[in-house]
$ cat target.csv   # CSV, C-alpha atoms
chain,number,residue,atom,x,y,z
A,897,MET,CA,17.0,13.5,66.0
A,898,ASN,CA,16.5,15.4,69.3
A,899,ILE,CA,13.9,18.1,69.8
A,900,ASN,CA,14.4,20.7,72.6
A,901,THR,CA,11.9,23.4,73.3
A,902,LEU,CA,12.8,26.6,75.2
A,903,GLU,CA,10.5,29.5,76.2
A,904,GLY,CA,11.8,33.0,75.5
A,905,GLU,CA,10.3,36.4,76.1
A,906,GLY,CA,7.3,36.3,73.7
A,907,TYR,CA,8.6,33.5,71.6
A,908,THR,CA,9.4,29.8,71.7
A,909,ILE,CA,12.6,28.2,70.4
A,910,ILE,CA,12.5,24.7,69.0
A,911,GLY,CA,16.0,23.3,68.7
A,912,LEU,CA,16.5,20.4,66.3
A,913,GLU,CA,19.6,18.2,66.7
A,914,GLY,CA,21.1,15.5,64.5
A,915,ASP,CA,19.7,14.1,61.2
A,916,VAL,CA,16.2,15.5,60.3
A,917,ASP,CA,15.0,12.9,57.8
A,918,LEU,CA,11.9,11.1,56.8
A,919,SER,CA,12.1,8.8,59.9
A,920,CYS,CA,11.6,11.8,62.3
A,921,SER,CA,10.5,14.8,60.3
A,922,PRO,CA,6.8,14.1,61.3
A,923,ASP,CA,7.9,14.7,64.9
A,924,ALA,CA,9.6,18.0,64.0
A,925,ARG,CA,6.4,19.0,62.1
A,926,LYS,CA,4.2,18.2,65.0
A,927,SER,CA,6.4,20.2,67.5
A,928,ILE,CA,6.4,23.2,65.1
A,929,LEU,CA,2.6,23.1,64.6
A,930,ASP,CA,1.9,22.5,68.3
A,931,VAL,CA,3.8,25.7,69.2
A,932,LEU,CA,2.1,27.7,66.5
A,933,GLN,CA,-1.3,26.5,67.7
A,934,THR,CA,-0.6,28.2,71.0
A,935,ASN,CA,-0.2,31.5,69.1
A,936,LYS,CA,3.4,32.0,69.9
A,937,ASN,CA,6.2,33.4,67.8
A,938,LEU,CA,8.6,30.6,66.8
A,939,LEU,CA,12.3,30.4,66.3
A,940,ILE,CA,13.8,27.1,65.0
A,941,ASP,CA,17.4,26.6,66.0
A,942,LEU,CA,19.1,24.5,63.3
A,943,GLY,CA,22.6,25.0,64.7
A,944,LYS,CA,23.0,21.3,65.6
A,945,VAL,CA,21.4,19.8,62.5
A,946,SER,CA,23.8,17.4,60.8
A,947,TYR,CA,21.5,16.6,57.9
A,948,ILE,CA,18.1,17.7,56.7
A,949,ASP,CA,16.2,16.2,53.8
A,950,SER,CA,13.2,17.5,51.8
A,951,SER,CA,10.7,16.2,54.3
A,952,GLY,CA,12.4,18.2,57.1
A,953,VAL,CA,12.5,21.2,54.9
A,954,ALA,CA,8.7,20.7,54.1
A,955,SER,CA,8.1,20.9,57.9
A,956,LEU,CA,9.8,24.3,58.0
A,957,VAL,CA,7.9,25.5,55.0
A,958,GLU,CA,4.6,24.4,56.6
A,959,GLY,CA,5.6,26.1,59.9
A,960,TYR,CA,6.5,29.3,58.0
A,961,GLN,CA,3.2,29.4,56.1
A,962,THR,CA,1.1,28.6,59.2
A,963,ALA,CA,2.8,31.4,61.2
A,964,LYS,CA,2.3,33.8,58.3
A,965,LYS,CA,-1.5,33.0,58.2
A,966,GLN,CA,-1.7,33.6,62.0
A,967,ALA,CA,0.4,36.8,61.8
A,968,LEU,CA,3.1,35.2,64.0
A,969,LYS,CA,6.8,35.6,63.7
A,970,PHE,CA,8.7,32.7,62.4
A,971,GLY,CA,12.5,32.4,61.9
A,972,LEU,CA,15.5,30.1,61.7
A,973,VAL,CA,18.5,30.7,63.9
A,974,GLY,CA,22.1,29.6,63.8
A,975,VAL,CA,21.6,27.5,60.7
A,976,SER,CA,24.4,24.8,60.4
A,977,ASP,CA,26.4,24.6,57.2
A,978,ALA,CA,24.7,21.2,56.4
A,979,ALA,CA,21.2,22.7,56.8
A,980,MET,CA,22.1,25.9,54.9
A,981,SER,CA,23.3,24.0,51.8
A,982,VAL,CA,20.0,22.2,51.6
A,983,LEU,CA,18.0,25.5,52.1
A,984,LYS,CA,20.1,27.1,49.3
A,985,LEU,CA,19.5,24.1,47.0
A,986,ALA,CA,15.7,24.7,47.6
A,987,ARG,CA,16.3,28.5,47.3
A,988,LEU,CA,14.6,28.9,50.6
A,989,ASP,CA,17.6,30.8,52.1
A,990,LYS,CA,16.0,34.0,50.6
A,991,VAL,CA,12.5,33.1,51.9
A,992,PHE,CA,12.9,32.2,55.5
A,993,PRO,CA,13.9,34.9,58.0
A,994,ILE,CA,17.3,33.7,59.1
A,995,HIS,CA,19.1,35.0,62.2
A,996,ASP,CA,22.7,34.3,63.3
A,997,SER,CA,21.7,34.1,66.9
A,998,VAL,CA,18.7,34.4,69.3
A,999,ALA,CA,20.3,37.7,70.5
A,1000,GLU,CA,20.2,39.0,66.9
A,1001,PHE,CA,16.5,38.1,66.6
A,1002,GLU,CA,15.7,39.8,69.9
A,1003,LYS,CA,17.6,42.9,68.8
A,1004,GLU,CA,15.6,43.0,65.5
A,1005,ASP,CA,12.4,42.3,67.3
A,1006,ALA,CA,12.8,45.1,69.9
B,1330,MET,CA,38.6,2.0,32.0
B,1331,SER,CA,36.0,-0.6,32.9
B,1332,VAL,CA,33.0,0.0,35.1
B,1333,GLU,CA,33.6,-0.8,38.7
B,1334,THR,CA,30.8,-1.8,41.1
B,1335,LEU,CA,31.5,0.1,44.3
B,1336,PHE,CA,28.6,-1.5,46.2
B,1337,GLU,CA,25.2,-3.1,45.7
B,1338,ILE,CA,22.7,-3.2,48.6
B,1339,ARG,CA,19.2,-4.4,49.0
B,1340,PHE,CA,17.2,-3.0,51.9
B,1341,PRO,CA,13.6,-2.7,53.1
B,1342,ALA,CA,11.7,0.5,52.0
B,1343,LYS,CA,11.8,1.9,55.5
B,1344,ALA,CA,12.7,5.5,56.4
B,1345,GLU,CA,14.7,4.2,59.4
B,1346,ARG,CA,17.2,2.6,56.9
B,1347,LEU,CA,18.1,5.9,55.1
B,1348,CYS,CA,20.6,6.8,57.8
B,1349,LYS,CA,22.7,3.7,56.9
B,1350,VAL,CA,22.3,4.3,53.2
B,1351,ARG,CA,23.6,7.9,53.6
B,1352,ALA,CA,26.6,6.7,55.6
B,1353,LEU,CA,27.5,4.1,53.0
B,1354,VAL,CA,27.2,6.6,50.1
B,1355,LYS,CA,29.3,9.1,52.0
B,1356,LYS,CA,32.0,6.6,52.8
B,1357,THR,CA,32.2,5.3,49.3
B,1358,ALA,CA,32.2,8.7,47.6
B,1359,ASP,CA,35.0,9.8,50.0
B,1360,GLU,CA,37.0,6.6,48.9
B,1361,VAL,CA,36.7,7.3,45.2
B,1362,GLY,CA,38.0,10.8,45.7
B,1363,CYS,CA,34.9,13.1,45.7
B,1364,CYS,CA,35.5,16.4,47.5
B,1365,SER,CA,33.4,16.9,50.6
B,1366,GLU,CA,31.0,19.3,48.9
B,1367,LEU,CA,30.3,16.8,46.1
B,1368,THR,CA,30.0,13.9,48.6
B,1369,ASP,CA,27.4,15.8,50.6
B,1370,LYS,CA,25.4,16.5,47.4
B,1371,LEU,CA,25.6,12.9,46.3
B,1372,VAL,CA,24.3,11.9,49.7
B,1373,ILE,CA,21.4,14.3,49.3
B,1374,ALA,CA,20.5,13.0,45.8
B,1375,VAL,CA,20.5,9.4,46.8
B,1376,ASN,CA,18.6,10.0,50.0
B,1377,GLU,CA,15.9,11.9,48.1
B,1378,ALA,CA,15.7,9.2,45.4
B,1379,CYS,CA,15.2,6.4,48.0
B,1380,MET,CA,12.7,8.6,49.9
B,1381,ASN,CA,10.7,9.0,46.7
B,1382,VAL,CA,10.6,5.2,46.3
B,1383,ILE,CA,9.4,4.8,49.9
B,1384,GLN,CA,6.8,7.5,49.7
B,1385,HIS,CA,5.6,7.5,46.2
B,1386,ALA,CA,6.3,4.0,44.7
B,1387,TYR,CA,5.7,1.8,47.7
B,1388,LYS,CA,3.5,4.4,49.3
B,1389,GLY,CA,4.7,3.5,52.8
B,1390,ASP,CA,4.6,-0.3,52.3
B,1391,GLU,CA,7.6,-1.4,54.4
B,1392,LEU,CA,7.6,-4.8,52.9
B,1393,GLY,CA,8.9,-3.4,49.6
B,1394,GLU,CA,12.6,-3.6,48.7
B,1395,ILE,CA,15.0,-1.2,47.2
B,1396,VAL,CA,18.2,-2.1,45.4
B,1397,LEU,CA,20.9,0.5,45.3
B,1398,GLN,CA,24.0,0.2,43.2
B,1399,MET,CA,26.9,2.7,43.1
B,1400,LEU,CA,29.4,2.4,40.2
B,1401,ASN,CA,32.5,4.1,39.2
B,1402,ASN,CA,32.7,4.7,35.5
B,1403,ASP,CA,35.7,6.5,34.2
B,1404,GLY,CA,35.5,9.6,36.3
B,1405,LYS,CA,31.8,9.5,36.8
B,1406,VAL,CA,29.8,8.0,39.7
B,1407,HIS,CA,26.7,6.3,38.7
B,1408,PHE,CA,23.8,5.2,40.9
B,1409,LYS,CA,21.0,2.8,40.0
B,1410,ILE,CA,18.0,2.6,42.3
B,1411,VAL,CA,15.5,-0.2,41.6
B,1412,ASP,CA,12.1,-0.9,43.3
B,1413,TYR,CA,9.5,-3.6,42.7
B,1414,ALA,CA,6.4,-1.5,43.3
B,1415,ASN,CA,3.7,-0.9,40.7
B,1416,PRO,CA,4.9,1.2,37.8
B,1417,ILE,CA,4.8,4.9,38.6
B,1418,ASP,CA,3.4,7.5,36.3
B,1419,LEU,CA,6.7,8.9,34.9
B,1420,ASP,CA,5.0,12.1,33.8
B,1421,SER,CA,4.1,12.9,37.4
B,1422,VAL,CA,7.8,12.9,38.4
B,1423,LYS,CA,8.8,16.5,37.9
B,1424,PRO,CA,10.3,19.2,40.1
B,1425,ARG,CA,7.9,21.8,41.3
B,1426,ASP,CA,8.1,25.5,40.5
B,1427,LEU,CA,10.2,26.8,43.4
B,1428,ASP,CA,8.2,30.1,43.3
B,1429,ASP,CA,5.2,28.0,44.3
B,1430,LEU,CA,6.0,27.9,48.0
B,1431,ARG,CA,4.5,24.8,49.6
B,1432,PRO,CA,5.6,21.9,51.7
B,1433,GLY,CA,6.8,19.0,49.6
B,1434,GLY,CA,7.8,18.4,46.0
B,1435,LEU,CA,11.5,19.3,46.5
B,1436,GLY,CA,13.1,15.9,46.2
B,1437,THR,CA,13.1,15.7,42.4
B,1438,HIS,CA,14.4,19.3,42.2
B,1439,PHE,CA,17.3,18.3,44.4
B,1440,ILE,CA,18.1,15.3,42.3
B,1441,ASN,CA,17.9,17.2,39.0
B,1442,GLU,CA,20.0,20.1,40.4
B,1443,ILE,CA,22.8,17.9,41.7
B,1444,MET,CA,23.1,15.2,39.1
B,1445,ASP,CA,24.4,15.6,35.5
B,1446,GLU,CA,22.1,13.0,34.1
B,1447,CYS,CA,19.0,11.2,35.3
B,1448,ASP,CA,17.0,8.5,33.6
B,1449,ARG,CA,13.8,7.0,35.0
B,1450,GLY,CA,11.8,4.1,33.7
B,1451,HIS,CA,9.8,0.9,34.3
B,1452,LEU,CA,11.4,-2.5,34.7
B,1453,GLU,CA,10.9,-4.7,31.6
B,1454,ALA,CA,8.9,-7.2,33.5
B,1455,GLY,CA,6.4,-4.3,34.3
B,1456,ASN,CA,6.6,-4.7,38.1
B,1457,GLY,CA,9.0,-2.1,39.2
B,1458,ASN,CA,10.8,1.1,38.5
B,1459,TYR,CA,14.4,2.3,38.1
B,1460,LEU,CA,16.2,5.6,38.4
B,1461,GLU,CA,19.7,6.0,37.1
B,1462,MET,CA,21.7,9.0,38.1
B,1463,THR,CA,25.2,10.0,37.0
B,1464,LYS,CA,27.6,12.7,38.2
B,1465,LYS,CA,31.1,13.6,36.9
B,1466,ILE,CA,33.6,13.6,39.7
B,1467,SER,CA,36.8,14.6,37.8
$ encode --input "target.csv" --output "structure tokens"
Amino acid sequence: MNINTLEGEGYTIIGLEGDVDLSCSPDARKSILDVLQTNKNLLIDLGKVSYIDSSGVASLVEGYQTAKKQALKFGLVGVSDAAMSVLKLARLDKVFPIHDSVAEFEKEDA
Amino acid sequence: MSVETLFEIRFPAKAERLCKVRALVKKTADEVGCCSELTDKLVIAVNEACMNVIQHAYKGDELGEIVLQMLNNDGKVHFKIVDYANPIDLDSVKPRDLDDLRPGGLGTHFINEIMDECDRGHLEAGNGNYLEMTKKIS
């Protein structure tokens, strides 16, 4: 798994790439919580995720809950088919704010 | 039709090994004619089952071993996952309420949602656990 971080206007984007499984989900969790600790809104780009397991999903849930507690915005963007099928299985596709693109998030956020 | 063993592997209970396990399940499910959607789901279920062994049976002890068998039984694929950890509390293996949003606890839900039948138990010798999962493919 690769993790890329990009700074946007008033938010940070964490891009996850490849398989997000038990061997690397602690790294994804740390990146997510590190950004939220700096009080920044967070978008997680799942467009290049080829596989995500329940430990990866747990990192997203923890990020979502942490952001909510801190009154920060949290969303998923460009969710790949592989990631979406797992989110649907967990019935989280109706819980997480999901945006087709960063542009769509910015438009909604304006 | 007789039961055909598609593969049997024994591997260390390490998270780093799951990638190879997923690849093997995917390749084998493709070969027995599972559609891509079913193949992806079988991969998820087997991955979660092995993860549960690593995290909850061996509790991160990487010296533990997992044995995974995949069988073809007359239009059904059958997986058997065996570990040699201390017997787990079978009553504690249950899916969480999905309305109770919290990190973790989804693996068993995924397995139950995907598979037609699941059977968990302790090995007869008392030093290990098994999980058998079956899914109709045709």
$ residues_around --input "target.csv" --residues "A:Ala924" --least-positions-apart "5" --cutoff "12 Å" --atoms "all atoms listed in the file" --output "VMD selection string"
chain A and resid 897 to 901 910 to 919 929 to 931 940 to 942 948 951 to 959
$ atom_distance --input "target.csv" --atom1 "atom CA of A:Val975" --atom2 "atom CA of A:Tyr960"
15.4 Å
$ interface_residues --input "target.csv" --of "chain B" --to "chain A" --cutoff "10 Å" --atoms "only C-alpha atoms" --output "VMD selection string"
chain B and resid 1343 to 1348 1351 1366 1369 to 1370 1372 to 1374 1376 to 1377 1380 1383 to 1384 1427 to 1428 1430 to 1439 1442 to 1443
$ atom_distance --input "target.csv" --atom1 "atom CA of B:Leu1452" --atom2 "atom CA of B:Pro1416"
8.1 Å
$ atom_distance --input "target.csv" --atom1 "atom CA of A:Pro993" --atom2 "atom CA of A:Leu938"
11.1 Å
$ residues_around --input "target.csv" --residues "A:His995" --least-positions-apart "5" --cutoff "7 Å" --atoms "all atoms listed in the file" --output "ChimeraX atom specification"
/A:972-974,1000-1001
$ closest_residue --input "target.csv" --among "B:Gly1362, B:Leu1367, B:Thr1463, B:Pro1341" --to "B:Asn1402" --atoms "all atoms listed in the file"
B:Thr1463
